[in-house]
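Undergrad: Take a look at target_30.txt, compact mmCIF, N, CA and C atoms:
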# COMPACT_ATOMS: atom_id res chain seq x y z
N MET I 1 41.42 116.16 119.47
CA MET I 1 40.51 117.26 119.72
C MET I 1 39.73 116.96 120.99
N GLY I 2 39.53 117.98 121.79
CA GLY I 2 38.78 117.81 123.01
C GLY I 2 38.39 119.14 123.60
N LYS I 3 37.90 119.10 124.80
CA LYS I 3 37.45 120.30 125.49
C LYS I 3 38.11 120.39 126.86
N ILE I 4 38.41 121.60 127.25
CA ILE I 4 38.81 121.90 128.61
C ILE I 4 37.70 122.78 129.16
N ILE I 5 37.12 122.39 130.27
CA ILE I 5 35.97 123.11 130.82
C ILE I 5 36.24 123.49 132.27
N LEU I 6 36.09 124.76 132.56
CA LEU I 6 36.13 125.26 133.93
C LEU I 6 34.70 125.62 134.29
N GLU I 7 34.19 125.03 135.38
CA GLU I 7 32.78 125.22 135.72
C GLU I 7 32.60 125.89 137.07
N ASP I 8 31.66 126.82 137.10
CA ASP I 8 31.20 127.47 138.34
C ASP I 8 32.35 128.04 139.17
N ILE I 9 33.22 128.80 138.50
CA ILE I 9 34.26 129.51 139.23
C ILE I 9 33.59 130.74 139.84
N GLU I 10 33.67 130.87 141.15
CA GLU I 10 32.94 131.93 141.85
C GLU I 10 33.85 133.10 142.20
N PHE I 11 33.34 134.31 141.95
CA PHE I 11 34.07 135.54 142.26
C PHE I 11 33.13 136.55 142.90
N HIS I 12 33.70 137.37 143.77
CA HIS I 12 33.02 138.58 144.21
C HIS I 12 33.68 139.70 143.42
N SER I 13 32.91 140.30 142.51
CA SER I 13 33.47 141.29 141.59
C SER I 13 32.60 142.54 141.57
N PHE I 14 33.13 143.58 140.95
CA PHE I 14 32.49 144.88 140.94
C PHE I 14 32.09 145.27 139.52
N HIS I 15 31.15 144.51 138.97
CA HIS I 15 30.64 144.77 137.63
C HIS I 15 29.19 145.19 137.75
N GLY I 16 28.80 146.16 136.95
CA GLY I 16 27.41 146.59 136.93
C GLY I 16 27.29 148.01 136.42
N TYR I 17 26.17 148.29 135.85
CA TYR I 17 25.93 149.61 135.27
C TYR I 17 25.72 150.66 136.35
N TYR I 18 25.07 150.26 137.43
CA TYR I 18 24.69 151.24 138.47
C TYR I 18 25.81 151.43 139.48
N PRO I 19 25.93 152.65 139.99
CA PRO I 19 27.00 152.95 140.96
C PRO I 19 27.00 152.02 142.17
N GLU I 20 25.82 151.61 142.62
CA GLU I 20 25.74 150.71 143.78
C GLU I 20 26.42 149.37 143.48
N GLU I 21 26.22 148.87 142.27
CA GLU I 21 26.84 147.60 141.88
C GLU I 21 28.36 147.72 141.83
N GLN I 22 28.85 148.86 141.38
CA GLN I 22 30.28 149.08 141.29
C GLN I 22 30.91 149.29 142.66
N LYS I 23 30.11 149.77 143.60
CA LYS I 23 30.63 150.03 144.96
C LYS I 23 30.54 148.78 145.84
N ILE I 24 29.40 148.11 145.82
CA ILE I 24 29.15 146.97 146.70
C ILE I 24 29.67 145.66 146.08
N GLY I 25 29.55 145.55 144.78
CA GLY I 25 29.96 144.32 144.11
C GLY I 25 28.89 143.25 144.24
N GLY I 26 29.20 142.10 143.71
CA GLY I 26 28.25 141.00 143.77
C GLY I 26 28.92 139.68 143.43
N ARG I 27 28.14 138.63 143.56
CA ARG I 27 28.61 137.26 143.30
C ARG I 27 28.42 136.94 141.82
N PHE I 28 29.46 136.41 141.20
CA PHE I 28 29.43 136.02 139.80
C PHE I 28 29.95 134.59 139.67
N LEU I 29 29.36 133.84 138.76
CA LEU I 29 29.84 132.50 138.42
C LEU I 29 30.28 132.52 136.96
N VAL I 30 31.44 131.95 136.71
CA VAL I 30 31.98 131.90 135.35
C VAL I 30 32.15 130.44 134.93
N ASN I 31 31.66 130.14 133.73
CA ASN I 31 31.87 128.84 133.10
C ASN I 31 32.58 129.11 131.78
N LEU I 32 33.66 128.39 131.55
CA LEU I 32 34.46 128.58 130.35
C LEU I 32 34.70 127.23 129.70
N GLU I 33 34.35 127.12 128.42
CA GLU I 33 34.54 125.88 127.67
C GLU I 33 35.43 126.19 126.47
N MET I 34 36.53 125.45 126.36
CA MET I 34 37.50 125.71 125.30
C MET I 34 37.73 124.46 124.47
N ASP I 35 37.63 124.61 123.15
CA ASP I 35 37.96 123.52 122.23
C ASP I 35 39.45 123.58 121.95
N THR I 36 40.11 122.45 122.10
CA THR I 36 41.56 122.42 121.98
C THR I 36 42.05 121.10 121.41
N ALA I 37 43.29 121.13 120.98
CA ALA I 37 43.96 119.92 120.52
C ALA I 37 44.85 119.43 121.65
N PHE I 38 44.60 118.24 122.14
CA PHE I 38 45.51 117.70 123.14
C PHE I 38 45.87 116.25 122.86
N GLU I 39 45.86 115.89 121.57
CA GLU I 39 46.25 114.54 121.18
C GLU I 39 47.69 114.23 121.58
N ASP I 40 48.59 115.22 121.43
CA ASP I 40 49.99 115.00 121.82
C ASP I 40 50.10 114.65 123.30
N ALA I 41 49.30 115.32 124.12
CA ALA I 41 49.33 115.05 125.56
C ALA I 41 48.81 113.66 125.90
N PHE I 42 47.91 113.11 125.06
CA PHE I 42 47.44 111.74 125.27
C PHE I 42 48.62 110.78 125.34
N HIS I 43 49.60 111.03 124.49
CA HIS I 43 50.73 110.12 124.36
C HIS I 43 51.91 110.50 125.26
N SER I 44 52.14 111.79 125.41
CA SER I 44 53.35 112.23 126.13
C SER I 44 53.17 112.35 127.63
N ASP I 45 51.94 112.65 128.07
CA ASP I 45 51.67 112.92 129.49
C ASP I 45 52.48 114.12 129.99
N GLN I 46 52.71 115.09 129.09
CA GLN I 46 53.49 116.27 129.42
C GLN I 46 52.62 117.52 129.31
N LEU I 47 52.71 118.37 130.30
CA LEU I 47 51.91 119.58 130.35
C LEU I 47 52.15 120.50 129.15
N GLU I 48 53.37 120.57 128.67
CA GLU I 48 53.68 121.47 127.55
C GLU I 48 53.02 121.04 126.24
N ASP I 49 52.42 119.85 126.21
CA ASP I 49 51.74 119.38 125.01
C ASP I 49 50.24 119.67 125.01
N THR I 50 49.80 120.47 125.97
CA THR I 50 48.39 120.82 126.03
C THR I 50 48.26 122.25 126.55
N PHE I 51 47.05 122.75 126.61
CA PHE I 51 46.79 124.07 127.19
C PHE I 51 46.54 123.87 128.69
N ASN I 52 47.33 124.54 129.48
CA ASN I 52 47.24 124.41 130.94
C ASN I 52 46.00 125.16 131.44
N TYR I 53 45.06 124.44 132.01
CA TYR I 53 43.83 125.10 132.48
C TYR I 53 44.10 126.07 133.62
N GLU I 54 45.24 125.94 134.29
CA GLU I 54 45.62 126.91 135.32
C GLU I 54 45.82 128.29 134.68
N THR I 55 46.33 128.33 133.47
CA THR I 55 46.48 129.59 132.74
C THR I 55 45.11 130.20 132.48
N ALA I 56 44.16 129.38 132.08
CA ALA I 56 42.80 129.87 131.84
C ALA I 56 42.20 130.44 133.12
N TYR I 57 42.38 129.74 134.23
CA TYR I 57 41.85 130.23 135.51
C TYR I 57 42.46 131.59 135.86
N LYS I 58 43.77 131.73 135.69
CA LYS I 58 44.43 132.99 136.00
C LYS I 58 43.90 134.13 135.14
N ILE I 59 43.67 133.86 133.87
CA ILE I 59 43.11 134.87 132.97
C ILE I 59 41.73 135.30 133.45
N VAL I 60 40.88 134.33 133.75
CA VAL I 60 39.52 134.64 134.22
C VAL I 60 39.59 135.46 135.49
N LYS I 61 40.41 135.06 136.43
CA LYS I 61 40.54 135.77 137.71
C LYS I 61 41.00 137.20 137.50
N GLU I 62 42.03 137.40 136.68
CA GLU I 62 42.54 138.75 136.42
C GLU I 62 41.47 139.65 135.81
N GLU I 63 40.74 139.13 134.86
CA GLU I 63 39.71 139.94 134.20
C GLU I 63 38.51 140.20 135.11
N MET I 64 38.18 139.24 135.95
CA MET I 64 37.06 139.45 136.88
C MET I 64 37.41 140.48 137.95
N GLU I 65 38.69 140.67 138.21
CA GLU I 65 39.12 141.65 139.22
C GLU I 65 39.08 143.08 138.69
N LYS I 66 38.96 143.27 137.37
CA LYS I 66 38.89 144.60 136.78
C LYS I 66 37.43 145.04 136.70
N PRO I 67 37.04 146.08 137.42
CA PRO I 67 35.64 146.52 137.39
C PRO I 67 35.20 146.93 135.97
N SER I 68 33.98 146.57 135.63
CA SER I 68 33.39 146.91 134.34
C SER I 68 31.91 147.19 134.54
N LYS I 69 31.36 147.98 133.65
CA LYS I 69 29.92 148.24 133.69
C LYS I 69 29.12 147.07 133.15
N LEU I 70 29.65 146.40 132.13
CA LEU I 70 28.90 145.33 131.46
C LEU I 70 29.64 144.00 131.56
N ILE I 71 28.91 142.94 131.90
CA ILE I 71 29.55 141.62 131.95
C ILE I 71 29.89 141.13 130.55
N GLU I 72 29.20 141.67 129.54
CA GLU I 72 29.56 141.34 128.16
C GLU I 72 30.99 141.80 127.85
N HIS I 73 31.34 142.95 128.40
CA HIS I 73 32.68 143.49 128.21
C HIS I 73 33.71 142.58 128.89
N VAL I 74 33.41 142.14 130.09
CA VAL I 74 34.30 141.22 130.81
C VAL I 74 34.46 139.93 130.02
N ALA I 75 33.35 139.38 129.54
CA ALA I 75 33.39 138.13 128.76
C ALA I 75 34.27 138.29 127.53
N GLY I 76 34.15 139.40 126.85
CA GLY I 76 34.97 139.64 125.66
C GLY I 76 36.45 139.72 125.98
N ARG I 77 36.78 140.38 127.09
CA ARG I 77 38.19 140.47 127.50
C ARG I 77 38.75 139.09 127.83
N ILE I 78 37.95 138.28 128.52
CA ILE I 78 38.40 136.93 128.87
C ILE I 78 38.67 136.12 127.61
N LEU I 79 37.74 136.12 126.68
CA LEU I 79 37.91 135.34 125.46
C LEU I 79 39.10 135.84 124.65
N ASP I 80 39.25 137.15 124.51
CA ASP I 80 40.41 137.69 123.79
C ASP I 80 41.72 137.21 124.42
N SER I 81 41.79 137.24 125.73
CA SER I 81 43.01 136.84 126.43
C SER I 81 43.28 135.35 126.29
N ILE I 82 42.23 134.54 126.30
CA ILE I 82 42.39 133.08 126.14
C ILE I 82 42.99 132.78 124.76
N PHE I 83 42.44 133.41 123.72
CA PHE I 83 42.94 133.16 122.37
C PHE I 83 44.37 133.66 122.20
N LYS I 84 44.72 134.74 122.86
CA LYS I 84 46.10 135.24 122.80
C LYS I 84 47.07 134.34 123.56
N ALA I 85 46.58 133.65 124.57
CA ALA I 85 47.43 132.83 125.43
C ALA I 85 47.91 131.54 124.76
N SER I 86 47.12 131.03 123.81
CA SER I 86 47.51 129.74 123.22
C SER I 86 46.92 129.56 121.83
N LYS I 87 47.74 129.07 120.94
CA LYS I 87 47.28 128.73 119.60
C LYS I 87 46.57 127.38 119.59
N LEU I 88 46.62 126.66 120.71
CA LEU I 88 45.94 125.37 120.81
C LEU I 88 44.43 125.52 121.01
N ILE I 89 43.99 126.71 121.40
CA ILE I 89 42.55 126.95 121.60
C ILE I 89 42.00 127.55 120.30
N TRP I 90 41.04 126.87 119.67
CA TRP I 90 40.49 127.41 118.42
C TRP I 90 39.04 127.85 118.57
N ALA I 91 38.38 127.50 119.65
CA ALA I 91 37.02 127.97 119.91
C ALA I 91 36.81 127.99 121.41
N ALA I 92 35.97 128.92 121.85
CA ALA I 92 35.68 129.00 123.30
C ALA I 92 34.29 129.58 123.48
N LYS I 93 33.69 129.18 124.60
CA LYS I 93 32.37 129.66 124.96
C LYS I 93 32.42 130.04 126.43
N ILE I 94 31.81 131.17 126.76
CA ILE I 94 31.83 131.64 128.14
C ILE I 94 30.42 131.97 128.60
N LYS I 95 30.19 131.71 129.88
CA LYS I 95 28.92 132.08 130.51
C LYS I 95 29.27 132.74 131.83
N ILE I 96 28.77 133.95 132.02
CA ILE I 96 28.96 134.65 133.29
C ILE I 96 27.58 134.88 133.88
N SER I 97 27.34 134.35 135.06
CA SER I 97 26.05 134.49 135.75
C SER I 97 26.21 135.45 136.90
N LYS I 98 25.20 136.26 137.08
CA LYS I 98 25.20 137.26 138.14
C LYS I 98 24.15 136.91 139.16
Would it be possible to restate this file's structure as structure tokens?

TA:
Amino acid sequence: MGKIILEDIEFHSFHGYYPEEQKIGGRFLVNLEMDTAFEDAFHSDQLEDTFNYETAYKIVKEEMEKPSKLIEHVAGRILDSIFKASKLIWAAKIKISK
């Protein structure tokens, strides 16, 4: 059992309730912490025995590129996609700073 943590991933995205925020966009920082099992990878040293954090980054990037009114909505989409991507992730925590 362990954690995979992506910290301070920076995006210029178009999230916000007000039209100006959706038009101009803004700077967002995303932190994602995932609880996972990677004991097999301890021994095998093989990527297929763990959750590839590159997959997590791609999910975050794709969801941050989709404009939304609420960052809570973006956070929910990211978490849903992470859980769908791998059965090795059993808990996750996300922080999106604006």

Undergrad: List the neighbours of Ala85 (chain I) out to 8 Å using all atoms listed in the file; skip same-chain residues closer than 6 positions along the sequence, and give me the result as a CSV table (one decimal) with N, CA and C atoms, in the coordinates of the input.

TA:
chain,number,residue,atom,x,y,z
I,51,PHE,N,47.0,122.8,126.6
I,51,PHE,CA,46.8,124.1,127.2
I,51,PHE,C,46.5,123.9,128.7
I,55,THR,N,46.3,128.3,133.5
I,55,THR,CA,46.5,129.6,132.7
I,55,THR,C,45.1,130.2,132.5
I,79,LEU,N,37.7,136.1,126.7
I,79,LEU,CA,37.9,135.3,125.5
I,79,LEU,C,39.1,135.8,124.6

Undergrad: Restricting the calculation to only N, CA and C atoms: of I:Lys23, I:Glu33, I:Lys3, I:His15, which residue gets closest to Ser68 (chain I)?

TA: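 Residue with the minimum atom-to-atom distance to Ser68 (chain I): I:His15.
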
Undergrad: Please indicate the distance in Å from atom N of Pro67 (chain I) to CA of Asp80 (chain I), rounded to one decimal place.

TA: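 Taking atom N of Pro67 (chain I) as the start and CA of Asp80 (chain I) as the end point, the length is 16.4 Å.
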
Undergrad: Find, counting all atoms listed in the file, the residue in I:Glu63, I:Glu54, I:Asp40, I:Glu20 that gets nearest to Arg77 (chain I).

TA: I:Glu63

Undergrad: Work out how far atom N of Glu62 (chain I) is from atom C of Ala91 (chain I), in Å to one decimal.

TA: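 Separating atom C of Ala91 (chain I) from atom N of Glu62 (chain I) is a distance of 18.7 Å.
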
Undergrad: Any chance you could work out the axis-aligned box around region 73-88 of chain I, listed atoms only, 8 Å on each side, giving centre and edge lengths in Å to one decimal, as AutoDock Vina command-line options?

TA:
--center_x 39.6 --center_y 134.4 --center_z 125.2 --size_x 32.6 --size_y 34.1 --size_z 27.2

Undergrad: Out of region 17-69 of chain I, which residues get strand (DSSP E or B) from DSSP, as a list in words?

TA: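 Everything in region 17-69 of chain I that counts as strand (DSSP E or B) is Gly26, Arg27, Phe28, Leu29, Val30, Asn31, Leu32, Glu33, Met34, Asp35, Thr36 and Ser68 of chain I.
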
Undergrad: From the set I:His12, I:Lys98, I:Lys61, I:Lys87, which residue has the shortest atom-to-atom contact distance to Ala37 (chain I), counting only C-alpha atoms?

TA: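 Of I:His12, I:Lys98, I:Lys61, I:Lys87, the one nearest Ala37 (chain I) is I:Lys87, counting only C-alpha atoms.
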
Undergrad: Fewer than 6 positions away in the same chain doesn't count, so skip those; otherwise give me all residues within 8 Å of Asp8 (chain I), counting only C-alpha atoms, as a PyMOL selection string.

TA: chain I and resi 29-31

Undergrad: Between I:Lys66, I:Lys58, I:His43, I:Lys93, which has the minimum distance to Gly16 (chain I) (counting only C-alpha atoms)?

TA: I:Lys66

Undergrad: Which one of I:Arg27, I:Leu32, I:Ile78, I:Gly2 sits closest to Thr50 (chain I) if you count only C-alpha atoms?

TA: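 Of I:Arg27, I:Leu32, I:Ile78, I:Gly2, the one nearest Thr50 (chain I) is I:Gly2, counting only C-alpha atoms.
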